[in-house]
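Visitor: Below you will find the structure I want to go over with you.
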Amino acid sequence: MSAAFTVVIPARYASTRLPGKPLQDIAGKPMVQHVWEQAQKSSASRVVVATDDARIVEACQAFGAEVLLTREDHNSGTDRLAEVATQLGLPADAIVVNVQGDEPLIPPSIIDQVAANLAANPQAGIATLAEPIEDVTALFNPNVVKVIADKDGLALTFSRAPLAWARDAFAKSRDVLPQGVPYRRHIGIYAYRAGFLHDFVAWGPCWLEDTECLEQLRALYNGVRIHVADALEAPAAGVDTAEDLERVRHLLGA
């Protein structure tokens with residue numbers, strides 16, 4: 001029996017590349033509603049949208065979601081989750097799964113998976129997911145975050161750079177993936193314990209997180225272990241750009 005958990009969907013109105021992103025219409029519904037509906041299909045005991053904008057609050061109330069208005073000045077989605085954990089009065093050992101508000105196609109199975117993995121690994125403060133990298137362009141793409149884990153499935157590090165650097169193979173060619181190296185792409189879904197979220201905010205950003213623009217590095221920098229497993233189902237890409245939005249509209253409209 002898996003542990004009870006709460007899903008929180010951070011949904012910011014201001015997006016550099018796609019303003020008002022959570023409210024963009026997809027097949028007659030705002031994008032955040034699609035995310036919420038997928039989360040509702042998981043085993044979560046509660047699904048909460050956390051936003052910084054009254055327009056998103058209004059839209060969520062219209063389709064029946066529980067929604068909280070949070071501060072506008074959070075540096076990261078994890079900081080916003082900590083505020084939500086406080087607003088909801090969650091105990092320190094409560095499991096919270098962060099589902100991004102721009103993932104309208106997220107499989108419910110991986111929401112359950114990441115929560116169960118955290119519950120099963122008390123030595124970890126966070127659980128997250130990954131999938132194999134199978135083409136060399138993704139390996140060298142800085143928008144694809146790479147992860148390396150140890151023998152117990154605990155992350156050693158994350159980077160936008162290729163990990164690991166295949167010295168001999170890349171000296172010959174960077175056009176093919178080196179044989180025998182299990183390259184993995186990080187999938188940005190996280191499970192946390194509520195107590196960790198408060199620690200995370202108290203620590204503040206570190207130089208490594210700021211350099212790579214990867215907030216999970218704050219946890220590693222402060223000695224918190226992150227459990228990583230390959231996702232049961234590969235999620236479709238999220239919505240970052242107008243092109244992504246059109247692709248998802250086509251998929252869900254069909």
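Identifiers for the structure tokens are assigned positionally: chains receive A, B, ... in sequence, residues are indexed from 1 per chain, and ligands are indexed from 1 in the order shown.
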Among region 114-241 of chain A, which ones does DSSP place in strand (DSSP E or B), written as a compact mmCIF listing (two decimals) with N, CA and C atoms, in the first residue's frame?

Guide:
# COMPACT_ATOMS: atom_id res chain seq x y z
N ILE A 126 14.18 13.72 -1.39
CA ILE A 126 13.45 14.01 -2.63
C ILE A 126 13.45 12.74 -3.46
N ALA A 127 12.39 12.53 -4.24
CA ALA A 127 12.40 11.51 -5.29
C ALA A 127 12.05 12.18 -6.60
N THR A 128 12.67 11.72 -7.67
CA THR A 128 12.39 12.25 -8.99
C THR A 128 12.59 11.14 -10.02
N LEU A 129 12.40 11.45 -11.30
CA LEU A 129 12.44 10.42 -12.34
C LEU A 129 13.37 10.82 -13.48
N ALA A 130 13.67 9.84 -14.31
CA ALA A 130 14.55 10.04 -15.46
C ALA A 130 14.13 9.10 -16.57
N GLU A 131 14.76 9.25 -17.72
CA GLU A 131 14.56 8.31 -18.83
C GLU A 131 15.85 8.26 -19.64
N PRO A 132 16.09 7.15 -20.34
CA PRO A 132 17.32 7.04 -21.13
C PRO A 132 17.39 8.10 -22.23
N LYS A 146 20.72 16.48 -17.57
CA LYS A 146 21.25 15.13 -17.41
C LYS A 146 21.42 14.80 -15.92
N VAL A 147 21.32 13.52 -15.60
CA VAL A 147 21.48 13.08 -14.21
C VAL A 147 22.32 11.81 -14.17
N ILE A 148 23.15 11.72 -13.13
CA ILE A 148 23.91 10.49 -12.85
C ILE A 148 23.55 10.06 -11.43
N ALA A 149 23.24 8.77 -11.27
CA ALA A 149 22.92 8.23 -9.94
C ALA A 149 23.93 7.16 -9.56
N LEU A 154 20.61 6.81 -6.03
CA LEU A 154 20.65 8.15 -5.44
C LEU A 154 21.51 9.05 -6.32
N ALA A 155 20.99 10.23 -6.63
CA ALA A 155 21.65 11.13 -7.57
C ALA A 155 23.03 11.56 -7.07
N LEU A 156 24.00 11.53 -7.97
CA LEU A 156 25.32 12.10 -7.69
C LEU A 156 25.33 13.56 -8.10
N THR A 157 24.80 13.86 -9.28
CA THR A 157 24.65 15.26 -9.69
C THR A 157 23.73 15.37 -10.90
N PHE A 158 23.32 16.60 -11.15
CA PHE A 158 22.52 16.97 -12.33
C PHE A 158 23.29 18.06 -13.06
N SER A 159 23.16 18.11 -14.37
CA SER A 159 23.82 19.18 -15.12
C SER A 159 23.16 19.37 -16.48
N ARG A 184 21.14 9.55 -19.06
CA ARG A 184 19.74 9.69 -18.66
C ARG A 184 19.33 11.16 -18.61
N ARG A 185 18.14 11.41 -19.09
CA ARG A 185 17.53 12.74 -19.02
C ARG A 185 16.68 12.84 -17.76
N HIS A 186 16.84 13.93 -17.04
CA HIS A 186 16.01 14.15 -15.85
C HIS A 186 14.60 14.59 -16.26
N ILE A 187 13.60 13.99 -15.63
CA ILE A 187 12.20 14.38 -15.83
C ILE A 187 11.79 15.21 -14.61
N GLY A 188 11.29 16.41 -14.85
CA GLY A 188 11.06 17.36 -13.76
C GLY A 188 9.79 17.15 -12.95
N ILE A 189 9.63 15.99 -12.37
CA ILE A 189 8.56 15.76 -11.40
C ILE A 189 9.24 15.36 -10.09
N TYR A 190 8.77 15.92 -8.98
CA TYR A 190 9.43 15.70 -7.69
C TYR A 190 8.44 15.32 -6.62
N ALA A 191 8.87 14.45 -5.71
CA ALA A 191 8.15 14.22 -4.45
C ALA A 191 9.07 14.68 -3.32
N TYR A 192 8.48 15.39 -2.36
CA TYR A 192 9.22 15.90 -1.21
C TYR A 192 8.46 15.53 0.07
N ARG A 193 9.15 15.63 1.21
CA ARG A 193 8.46 15.68 2.49
C ARG A 193 8.31 17.15 2.87
N ILE A 226 18.83 12.55 -3.29
CA ILE A 226 17.70 12.57 -4.22
C ILE A 226 17.62 11.20 -4.89
N HIS A 227 16.48 10.52 -4.71
CA HIS A 227 16.28 9.21 -5.34
C HIS A 227 15.83 9.42 -6.78
N VAL A 228 16.46 8.67 -7.71
CA VAL A 228 16.13 8.77 -9.14
C VAL A 228 15.82 7.38 -9.68
N ALA A 229 14.68 7.25 -10.36
CA ALA A 229 14.34 5.99 -11.03
C ALA A 229 13.89 6.30 -12.45
N ASP A 230 13.99 5.32 -13.33
CA ASP A 230 13.46 5.51 -14.68
C ASP A 230 11.93 5.50 -14.61

Visitor: Could you name the residues that touch region 84-93 of chain A at 12 Å or less, counting only C-alpha atoms, but leaving out those on the same chain fewer than 4 positions away, as a compact mmCIF listing (two decimals) with N, CA and C atoms, in the first residue's frame?

Guide:
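Once everything was written out, this is result_10.txt:
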# COMPACT_ATOMS: atom_id res chain seq x y z
N ALA A 3 2.03 5.25 0.34
CA ALA A 3 1.72 6.29 1.32
C ALA A 3 0.78 7.33 0.72
N ALA A 4 0.00 7.97 1.60
CA ALA A 4 -0.86 9.06 1.15
C ALA A 4 0.01 10.24 0.72
N PHE A 5 -0.45 10.99 -0.26
CA PHE A 5 0.31 12.17 -0.69
C PHE A 5 -0.62 13.23 -1.27
N THR A 6 -0.10 14.44 -1.29
CA THR A 6 -0.80 15.59 -1.85
C THR A 6 -0.08 16.04 -3.12
N VAL A 7 -0.83 16.30 -4.18
CA VAL A 7 -0.23 16.90 -5.38
C VAL A 7 -0.42 18.41 -5.32
N VAL A 8 0.67 19.14 -5.58
CA VAL A 8 0.57 20.59 -5.72
C VAL A 8 1.01 20.95 -7.14
N ILE A 9 0.20 21.76 -7.81
CA ILE A 9 0.47 22.19 -9.18
C ILE A 9 0.78 23.69 -9.16
N PRO A 10 2.07 24.07 -9.18
CA PRO A 10 2.40 25.50 -9.24
C PRO A 10 2.04 26.04 -10.64
N ARG A 46 -5.24 14.47 -2.32
CA ARG A 46 -5.63 15.87 -2.48
C ARG A 46 -4.83 16.46 -3.63
N VAL A 47 -5.47 17.28 -4.47
CA VAL A 47 -4.78 17.97 -5.57
C VAL A 47 -5.07 19.46 -5.43
N VAL A 48 -4.01 20.25 -5.32
CA VAL A 48 -4.14 21.69 -5.07
C VAL A 48 -3.35 22.46 -6.13
N VAL A 49 -3.98 23.46 -6.73
CA VAL A 49 -3.27 24.37 -7.64
C VAL A 49 -2.76 25.54 -6.80
N ALA A 50 -1.49 25.91 -6.99
CA ALA A 50 -0.90 27.05 -6.26
C ALA A 50 -0.50 28.10 -7.28
N THR A 51 -1.07 29.29 -7.18
CA THR A 51 -0.81 30.31 -8.18
C THR A 51 -0.52 31.66 -7.53
N ASP A 52 -0.01 32.58 -8.33
CA ASP A 52 0.28 33.93 -7.85
C ASP A 52 -0.67 34.96 -8.48
N GLU A 66 -9.38 22.77 -6.07
CA GLU A 66 -8.91 23.48 -4.88
C GLU A 66 -7.71 24.32 -5.30
N VAL A 67 -7.71 25.60 -4.96
CA VAL A 67 -6.64 26.50 -5.43
C VAL A 67 -6.26 27.45 -4.31
N LEU A 68 -4.95 27.73 -4.21
CA LEU A 68 -4.43 28.66 -3.21
C LEU A 68 -3.71 29.80 -3.90
N LEU A 69 -3.93 31.01 -3.41
CA LEU A 69 -3.19 32.18 -3.90
C LEU A 69 -1.93 32.32 -3.06
N THR A 70 -0.78 32.33 -3.71
CA THR A 70 0.51 32.42 -3.01
C THR A 70 1.21 33.72 -3.38
N ARG A 71 2.30 33.98 -2.69
CA ARG A 71 3.06 35.22 -2.94
C ARG A 71 3.62 35.24 -4.36
N HIS A 74 8.28 34.43 -5.13
CA HIS A 74 9.07 33.19 -4.94
C HIS A 74 10.11 33.04 -6.05
N GLY A 77 9.70 27.20 -7.97
CA GLY A 77 8.49 26.45 -7.70
C GLY A 77 8.54 25.75 -6.34
N THR A 78 9.75 25.34 -5.93
CA THR A 78 9.89 24.67 -4.63
C THR A 78 9.60 25.63 -3.49
N ASP A 79 10.06 26.89 -3.63
CA ASP A 79 9.74 27.90 -2.62
C ASP A 79 8.22 28.09 -2.52
N ARG A 80 7.55 28.07 -3.66
CA ARG A 80 6.09 28.22 -3.66
C ARG A 80 5.44 27.02 -2.95
N VAL A 97 3.82 15.97 -3.91
CA VAL A 97 4.34 15.79 -5.28
C VAL A 97 4.10 17.08 -6.06
N ASN A 98 5.18 17.59 -6.64
CA ASN A 98 5.14 18.80 -7.45
C ASN A 98 4.91 18.40 -8.91
N LEU A 118 9.57 7.86 -2.94
CA LEU A 118 10.03 8.62 -1.78
C LEU A 118 9.67 7.88 -0.49
N ALA A 119 8.44 7.36 -0.43
CA ALA A 119 7.99 6.63 0.76
C ALA A 119 8.88 5.41 1.03
N PRO A 122 13.57 6.14 2.75
CA PRO A 122 13.64 7.14 3.82
C PRO A 122 14.96 7.90 3.87
N GLY A 125 15.59 12.72 0.65
CA GLY A 125 14.69 13.83 0.97
C GLY A 125 13.79 14.18 -0.19
N ILE A 126 14.18 13.72 -1.39
CA ILE A 126 13.45 14.01 -2.63
C ILE A 126 13.45 12.74 -3.46
N ALA A 191 8.87 14.45 -5.71
CA ALA A 191 8.15 14.22 -4.45
C ALA A 191 9.07 14.68 -3.32
N TYR A 192 8.48 15.39 -2.36
CA TYR A 192 9.22 15.90 -1.21
C TYR A 192 8.46 15.53 0.07
N ARG A 193 9.15 15.63 1.21
CA ARG A 193 8.46 15.68 2.49
C ARG A 193 8.31 17.15 2.87
N ALA A 194 7.19 17.48 3.50
CA ALA A 194 6.90 18.89 3.78
C ALA A 194 8.00 19.55 4.61
N GLY A 195 8.56 18.80 5.56
CA GLY A 195 9.63 19.36 6.40
C GLY A 195 10.84 19.78 5.58
N PHE A 196 11.17 18.98 4.55
CA PHE A 196 12.29 19.33 3.67
C PHE A 196 12.04 20.67 2.97
N LEU A 197 10.80 20.90 2.55
CA LEU A 197 10.49 22.14 1.82
C LEU A 197 10.85 23.37 2.65
N HIS A 198 10.58 23.30 3.95
CA HIS A 198 10.90 24.45 4.82
C HIS A 198 12.41 24.62 4.96
N ASP A 199 13.15 23.49 5.04
CA ASP A 199 14.61 23.57 5.07
C ASP A 199 15.15 24.21 3.79
N VAL A 201 13.84 26.33 1.72
CA VAL A 201 13.65 27.79 1.68
C VAL A 201 14.64 28.47 2.63

Visitor: So what do you get for CA of Val99 (chain A) versus CA of Ala161 (chain A), distance-wise?

Guide: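 These two atoms are separated by 24.5 Å.
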
Visitor: Name all residues at most 9 Å from region 11-18 of chain A (count only C-alpha atoms; drop same-chain ones fewer than 2 positions away) and give them as a PyMOL selection string.

Guide: chain A and resi 9+20-24+32+49-53+55-56+72+77+100-102+239-242

Visitor: What does the distance between CA of Trp165 (chain A) and CA of Gly153 (chain A) come to in Å, to one decimal place?

Guide: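 Straight-line distance from CA of Trp165 (chain A) to CA of Gly153 (chain A) works out to 19.7 Å.
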
Visitor: As a ChimeraX atom specification, list the residues of region 14-224 of chain A assigned to alpha helix (DSSP H) by DSSP on the backbone atoms of this structure.

Guide: /A:31-40,54-62,77-88,108-120,136-139,167-172,194-203,207-212,216-221

Visitor: If we count only C-alpha atoms, what is near region 134-144 of chain A at a cut-off of 6 Å, once residues fewer than 6 positions away on the same chain are taken out, given as number ranges by chain?

Guide: A: 160, 162, 176-177

Visitor: Rounded to one decimal place, report the CA of Leu251 (chain A)-CA of Gly64 (chain A) distance in Å.

Guide: 24.2 Å

Visitor: Would you list the contacts of Arg247 (chain A) as a PyMOL selection string, taking every protein, DNA or RNA residue within 12 Å and counting only C-alpha atoms, but skipping same-chain residues closer than 5 positions in sequence?

Guide: chain A and resi 26-27+104-105+236-242+252-254
